[in-house]
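Written below as structure tokens is the structure these notes are about.
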Amino acid sequence: MSDASQPTRPSWLAALRPLARPRQPAEQCELCGAGVGPGHQHLIEPPTRHLLCCCDACSILFSGGQQTKYRAVPRDVYALPDLRLTDAQWDSLLIPINVAFLYPSSSEGRVVALYPSPAGATESLLPLATWADLVEQNPVLGQLQDDVEALLVYRLGSTREYYRAPIDICFKLVGLIRARWRGLSGGQEVWDEIATFFADLRARARVQAGPRAERAHV
């Protein structure tokens, strides 16, 4: 019998079939495989600084500061308008650019200073005495949660902005700069992206008052 005599399914039916299948989520929890949305949480593996996407349920398993392989990264961002950090103190930290983040590392037993670069996150040797002085003048820095919270510094021109930020946000900035950097100076596009990044952060952040603001209310 000729193939032409066999009934064929309409081509439009075959085209619609993929649309009837359940869509796979764009991202999944790297622990349990559950789908996660664009605002999902992260875990970090402290020794490697490796970030994992996770669902809310898995995040709870690693919350609370207990000693586990991973630690849940918080979501809240705090602006620190009263942070005391003079230009001389900043220079003494020996960080070569004016965008950086500093966080207490449990695996290294010290405060680690990283700054974005075209090659990724670059570490700068941090003088411990200077950091101790900063903590004494800014007690909020002593409240940073090991491995998951950082002091994010943005000093460009006359701008002086400081944030108590989740570590995943800091590494997001690193990825942005690495992806957008062009030539020796970075190019206008990357600096526009950095400005947008901090504008979004500024709009999102809650204000955490420092000693000067606290005294003003006494």
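Each chain of the structure tokens is named A, B, ... in the order shown, its residues numbered from 1; ligands are numbered from 1 in display order.
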
I'd like the neighbourhood of segment 160-169 of chain A as a ChimeraX atom specification, where a residue qualifies if any of its atoms comes within 7 Å (using only C-alpha atoms), though same-chain residues fewer than 6 positions away should be ignored.
/A:73-75,77-81,148-154

Keeping only N, CA and C atoms, write those residues as a PDB file, in the first residue's frame.
```pdb
ATOM      1  N   VAL A  73      23.183  32.298  52.978  1.00  0.00           N
ATOM      2  CA  VAL A  73      23.488  33.717  52.786  1.00  0.00           C
ATOM      3  C   VAL A  73      22.229  34.530  53.081  1.00  0.00           C
ATOM      4  N   PRO A  74      22.317  35.538  53.950  1.00  0.00           N
ATOM      5  CA  PRO A  74      21.132  36.367  54.249  1.00  0.00           C
ATOM      6  C   PRO A  74      20.736  37.211  53.056  1.00  0.00           C
ATOM      7  N   ARG A  75      19.549  37.813  53.145  1.00  0.00           N
ATOM      8  CA  ARG A  75      19.037  38.606  52.033  1.00  0.00           C
ATOM      9  C   ARG A  75      19.088  40.106  52.295  1.00  0.00           C
ATOM     10  N   VAL A  77      20.098  43.903  53.051  1.00  0.00           N
ATOM     11  CA  VAL A  77      21.213  44.821  52.791  1.00  0.00           C
ATOM     12  C   VAL A  77      21.022  46.054  53.660  1.00  0.00           C
ATOM     13  N   TYR A  78      22.098  46.507  54.308  1.00  0.00           N
ATOM     14  CA  TYR A  78      22.023  47.678  55.174  1.00  0.00           C
ATOM     15  C   TYR A  78      23.009  48.737  54.697  1.00  0.00           C
ATOM     16  N   ALA A  79      22.520  49.959  54.520  1.00  0.00           N
ATOM     17  CA  ALA A  79      23.411  51.088  54.262  1.00  0.00           C
ATOM     18  C   ALA A  79      24.005  51.543  55.585  1.00  0.00           C
ATOM     19  N   LEU A  80      25.271  51.928  55.553  1.00  0.00           N
ATOM     20  CA  LEU A  80      25.980  52.359  56.760  1.00  0.00           C
ATOM     21  C   LEU A  80      26.441  53.808  56.579  1.00  0.00           C
ATOM     22  N   PRO A  81      25.523  54.771  56.645  1.00  0.00           N
ATOM     23  CA  PRO A  81      25.886  56.172  56.370  1.00  0.00           C
ATOM     24  C   PRO A  81      26.789  56.774  57.429  1.00  0.00           C
ATOM     25  N   VAL A 148      29.300  35.083  55.273  1.00  0.00           N
ATOM     26  CA  VAL A 148      28.089  35.398  54.507  1.00  0.00           C
ATOM     27  C   VAL A 148      27.756  36.880  54.445  1.00  0.00           C
ATOM     28  N   GLU A 149      28.426  37.726  55.227  1.00  0.00           N
ATOM     29  CA  GLU A 149      28.190  39.168  55.190  1.00  0.00           C
ATOM     30  C   GLU A 149      29.517  39.901  55.042  1.00  0.00           C
ATOM     31  N   ALA A 150      29.472  41.006  54.302  1.00  0.00           N
ATOM     32  CA  ALA A 150      30.697  41.765  54.040  1.00  0.00           C
ATOM     33  C   ALA A 150      30.446  43.253  54.177  1.00  0.00           C
ATOM     34  N   LEU A 151      31.527  43.978  54.429  1.00  0.00           N
ATOM     35  CA  LEU A 151      31.510  45.430  54.293  1.00  0.00           C
ATOM     36  C   LEU A 151      31.811  45.721  52.835  1.00  0.00           C
ATOM     37  N   LEU A 152      30.825  46.236  52.118  1.00  0.00           N
ATOM     38  CA  LEU A 152      30.989  46.578  50.706  1.00  0.00           C
ATOM     39  C   LEU A 152      31.264  48.073  50.598  1.00  0.00           C
ATOM     40  N   VAL A 153      32.370  48.415  49.984  1.00  0.00           N
ATOM     41  CA  VAL A 153      32.859  49.790  49.930  1.00  0.00           C
ATOM     42  C   VAL A 153      32.776  50.313  48.498  1.00  0.00           C
ATOM     43  N   TYR A 154      32.229  51.522  48.367  1.00  0.00           N
ATOM     44  CA  TYR A 154      32.133  52.183  47.059  1.00  0.00           C
ATOM     45  C   TYR A 154      32.609  53.616  47.240  1.00  0.00           C
TER      46      TYR A 154
END
```

Need to verify the contact set: segment 190-205 of chain A, 8 Å, only C-alpha atoms, exclusion of same-chain residues closer than 3 positions in sequence. Can you return it as a short mmCIF file (atom, residue, chain, number, x, y, z; two decimals) with C-alpha atoms, in the first residue's frame?
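Here's the written file result-v1.cif:
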```cif
data_model
loop_
_atom_site.label_atom_id
_atom_site.label_comp_id
_atom_site.auth_asym_id
_atom_site.auth_seq_id
_atom_site.Cartn_x
_atom_site.Cartn_y
_atom_site.Cartn_z
CA ASP A 76 18.99 41.94 53.88
CA VAL A 77 21.21 44.82 52.79
CA TYR A 78 22.02 47.68 55.17
CA ALA A 79 23.41 51.09 54.26
CA LEU A 173 29.39 42.76 41.38
CA LEU A 176 29.41 42.10 36.40
CA ILE A 177 32.80 43.78 36.20
CA ARG A 180 31.75 44.05 31.07
CA TRP A 181 35.38 45.17 31.43
CA ARG A 182 37.04 46.31 28.21
CA GLY A 186 37.21 49.15 31.65
CA GLY A 187 35.28 51.32 29.22
#
```

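Taking only C-alpha atoms into account, Thr86 of chain A lies nearest to A:Leu134 out of the set A:Val36, A:Leu134, A:Val111, A:Cys58.
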
List every residue of segment 20-152 of chain A that DSSP, applied to the backbone, labels as strand (DSSP E), and write the result as a PyMOL selection string.
chain A and resi 27-28+35-36+41-45+50-54+71-72+78-79+99-105+110-117+120-124+149-152

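Straight-line separation from atom CA of Ile44 of chain A to atom CA of Leu128 of chain A: 24.1 Å.
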
List every residue of chain A that DSSP, applied to the backbone of this structure, places in helix (DSSP H, G or I), and write the result as number ranges by chain.
A: 3-5, 11-20, 56-61, 87-92, 128-137, 139-143, 167-180, 188-204, 211-216

Can I get the selected residues back with C-alpha atoms, as a PDB file, in the first residue's frame?
```pdb
ATOM      1  CA  ASP A   3       2.498   5.662   2.028  1.00  0.00           C
ATOM      2  CA  ALA A   4       0.332   8.425   0.594  1.00  0.00           C
ATOM      3  CA  SER A   5      -2.782   6.483   1.607  1.00  0.00           C
ATOM      4  CA  SER A  11       1.659  19.536  11.241  1.00  0.00           C
ATOM      5  CA  TRP A  12       0.116  22.125  13.538  1.00  0.00           C
ATOM      6  CA  LEU A  13      -0.646  19.390  16.090  1.00  0.00           C
ATOM      7  CA  ALA A  14       2.995  18.351  16.212  1.00  0.00           C
ATOM      8  CA  ALA A  15       4.023  21.981  16.631  1.00  0.00           C
ATOM      9  CA  LEU A  16       1.710  22.435  19.622  1.00  0.00           C
ATOM     10  CA  ARG A  17       2.834  19.286  21.418  1.00  0.00           C
ATOM     11  CA  PRO A  18       5.923  20.853  23.077  1.00  0.00           C
ATOM     12  CA  LEU A  19       3.740  23.616  24.478  1.00  0.00           C
ATOM     13  CA  ALA A  20       1.642  21.045  26.344  1.00  0.00           C
ATOM     14  CA  ASP A  56      13.850  28.174  50.899  1.00  0.00           C
ATOM     15  CA  ALA A  57      13.510  24.720  52.488  1.00  0.00           C
ATOM     16  CA  CYS A  58      17.163  23.803  51.931  1.00  0.00           C
ATOM     17  CA  SER A  59      18.274  27.251  53.061  1.00  0.00           C
ATOM     18  CA  ILE A  60      16.619  26.684  56.439  1.00  0.00           C
ATOM     19  CA  LEU A  61      18.729  23.551  56.941  1.00  0.00           C
ATOM     20  CA  ASP A  87      40.962  58.392  53.357  1.00  0.00           C
ATOM     21  CA  ALA A  88      44.141  57.674  55.323  1.00  0.00           C
ATOM     22  CA  GLN A  89      42.598  54.572  56.886  1.00  0.00           C
ATOM     23  CA  TRP A  90      41.393  53.389  53.523  1.00  0.00           C
ATOM     24  CA  ASP A  91      44.834  53.860  52.006  1.00  0.00           C
ATOM     25  CA  SER A  92      46.354  51.889  54.894  1.00  0.00           C
ATOM     26  CA  LEU A 128      44.832  43.192  60.867  1.00  0.00           C
ATOM     27  CA  ALA A 129      45.706  46.123  63.131  1.00  0.00           C
ATOM     28  CA  THR A 130      43.923  48.559  60.820  1.00  0.00           C
ATOM     29  CA  TRP A 131      40.827  46.374  60.701  1.00  0.00           C
ATOM     30  CA  ALA A 132      40.813  46.129  64.510  1.00  0.00           C
ATOM     31  CA  ASP A 133      40.887  49.929  64.702  1.00  0.00           C
ATOM     32  CA  LEU A 134      37.969  50.151  62.276  1.00  0.00           C
ATOM     33  CA  VAL A 135      35.912  47.699  64.328  1.00  0.00           C
ATOM     34  CA  GLU A 136      36.630  49.696  67.477  1.00  0.00           C
ATOM     35  CA  GLN A 137      35.361  52.872  65.790  1.00  0.00           C
ATOM     36  CA  PRO A 139      31.015  48.329  66.215  1.00  0.00           C
ATOM     37  CA  VAL A 140      28.681  47.297  63.379  1.00  0.00           C
ATOM     38  CA  LEU A 141      31.671  45.704  61.650  1.00  0.00           C
ATOM     39  CA  GLY A 142      32.004  43.312  64.570  1.00  0.00           C
ATOM     40  CA  GLN A 143      28.448  42.133  63.833  1.00  0.00           C
ATOM     41  CA  ILE A 167      28.264  37.923  50.143  1.00  0.00           C
ATOM     42  CA  ASP A 168      26.365  36.820  47.025  1.00  0.00           C
ATOM     43  CA  ILE A 169      25.672  40.452  46.127  1.00  0.00           C
ATOM     44  CA  CYS A 170      29.389  41.186  46.392  1.00  0.00           C
ATOM     45  CA  PHE A 171      30.253  38.325  44.052  1.00  0.00           C
ATOM     46  CA  LYS A 172      27.500  39.467  41.683  1.00  0.00           C
ATOM     47  CA  LEU A 173      29.391  42.765  41.382  1.00  0.00           C
ATOM     48  CA  VAL A 174      32.585  40.826  40.675  1.00  0.00           C
ATOM     49  CA  GLY A 175      30.843  38.916  37.878  1.00  0.00           C
ATOM     50  CA  LEU A 176      29.407  42.097  36.400  1.00  0.00           C
ATOM     51  CA  ILE A 177      32.802  43.778  36.205  1.00  0.00           C
ATOM     52  CA  ARG A 178      34.482  40.687  34.802  1.00  0.00           C
ATOM     53  CA  ALA A 179      31.860  40.364  32.058  1.00  0.00           C
ATOM     54  CA  ARG A 180      31.754  44.049  31.074  1.00  0.00           C
ATOM     55  CA  GLN A 188      32.249  53.511  29.830  1.00  0.00           C
ATOM     56  CA  GLU A 189      29.825  50.580  29.760  1.00  0.00           C
ATOM     57  CA  VAL A 190      31.284  48.895  32.836  1.00  0.00           C
ATOM     58  CA  TRP A 191      31.286  52.124  34.858  1.00  0.00           C
ATOM     59  CA  ASP A 192      27.682  52.768  33.879  1.00  0.00           C
ATOM     60  CA  GLU A 193      26.839  49.236  35.013  1.00  0.00           C
ATOM     61  CA  ILE A 194      28.626  49.782  38.332  1.00  0.00           C
ATOM     62  CA  ALA A 195      26.709  53.030  38.880  1.00  0.00           C
ATOM     63  CA  THR A 196      23.423  51.227  38.151  1.00  0.00           C
ATOM     64  CA  PHE A 197      24.380  48.384  40.475  1.00  0.00           C
ATOM     65  CA  PHE A 198      24.913  50.755  43.396  1.00  0.00           C
ATOM     66  CA  ALA A 199      21.825  52.797  42.566  1.00  0.00           C
ATOM     67  CA  ASP A 200      19.760  49.602  42.824  1.00  0.00           C
ATOM     68  CA  LEU A 201      21.539  48.659  46.042  1.00  0.00           C
ATOM     69  CA  ARG A 202      20.914  52.119  47.489  1.00  0.00           C
ATOM     70  CA  ALA A 203      17.200  51.828  46.747  1.00  0.00           C
ATOM     71  CA  ARG A 204      16.996  48.363  48.296  1.00  0.00           C
ATOM     72  CA  PRO A 211      27.350  55.582  66.884  1.00  0.00           C
ATOM     73  CA  ARG A 212      26.861  59.193  65.744  1.00  0.00           C
ATOM     74  CA  ALA A 213      23.199  58.659  64.929  1.00  0.00           C
ATOM     75  CA  GLU A 214      22.635  56.751  68.159  1.00  0.00           C
ATOM     76  CA  ARG A 215      24.119  59.578  70.230  1.00  0.00           C
ATOM     77  CA  ALA A 216      21.970  62.109  68.391  1.00  0.00           C
TER      78      ALA A 216
END
```

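Each of A:Ala113, A:Arg206, A:Asp146, A:Leu156 was compared to Glu45 of chain A using only C-alpha atoms, and A:Asp146 turns out to be the nearest.
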
Have a look at atom CA of Arg49 of chain A and atom CA of Ser117 of chain A and let me know their distance in Å, one decimal.
16.6 Å

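Nearest residue to Tyr70 of chain A among A:Leu114, A:Leu93, A:Leu43, A:Val99 is A:Leu43, counting only C-alpha atoms.
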
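Distance annotation: of A:Arg110, A:Ala121, A:Gln145, A:Val207, the residue with the minimal separation from Gly64 of chain A is A:Gln145; atom set is only C-alpha atoms.
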
Expressed in Å to a single decimal, how great is the separation between atom CA of Val112 of chain A and atom CA of Leu52 of chain A?
20.3 Å

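Minimum atom-to-atom distances from A:Leu126, A:Pro118, A:Phe62, A:Cys29 to Gly183 of chain A were compared using only C-alpha atoms, and the lowest value belongs to A:Pro118.
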
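The nearest approach to Gly157 of chain A among the residues A:Ile97, A:Ala34, A:Ala119, A:Leu184, with only C-alpha atoms taken into account, belongs to A:Ile97.
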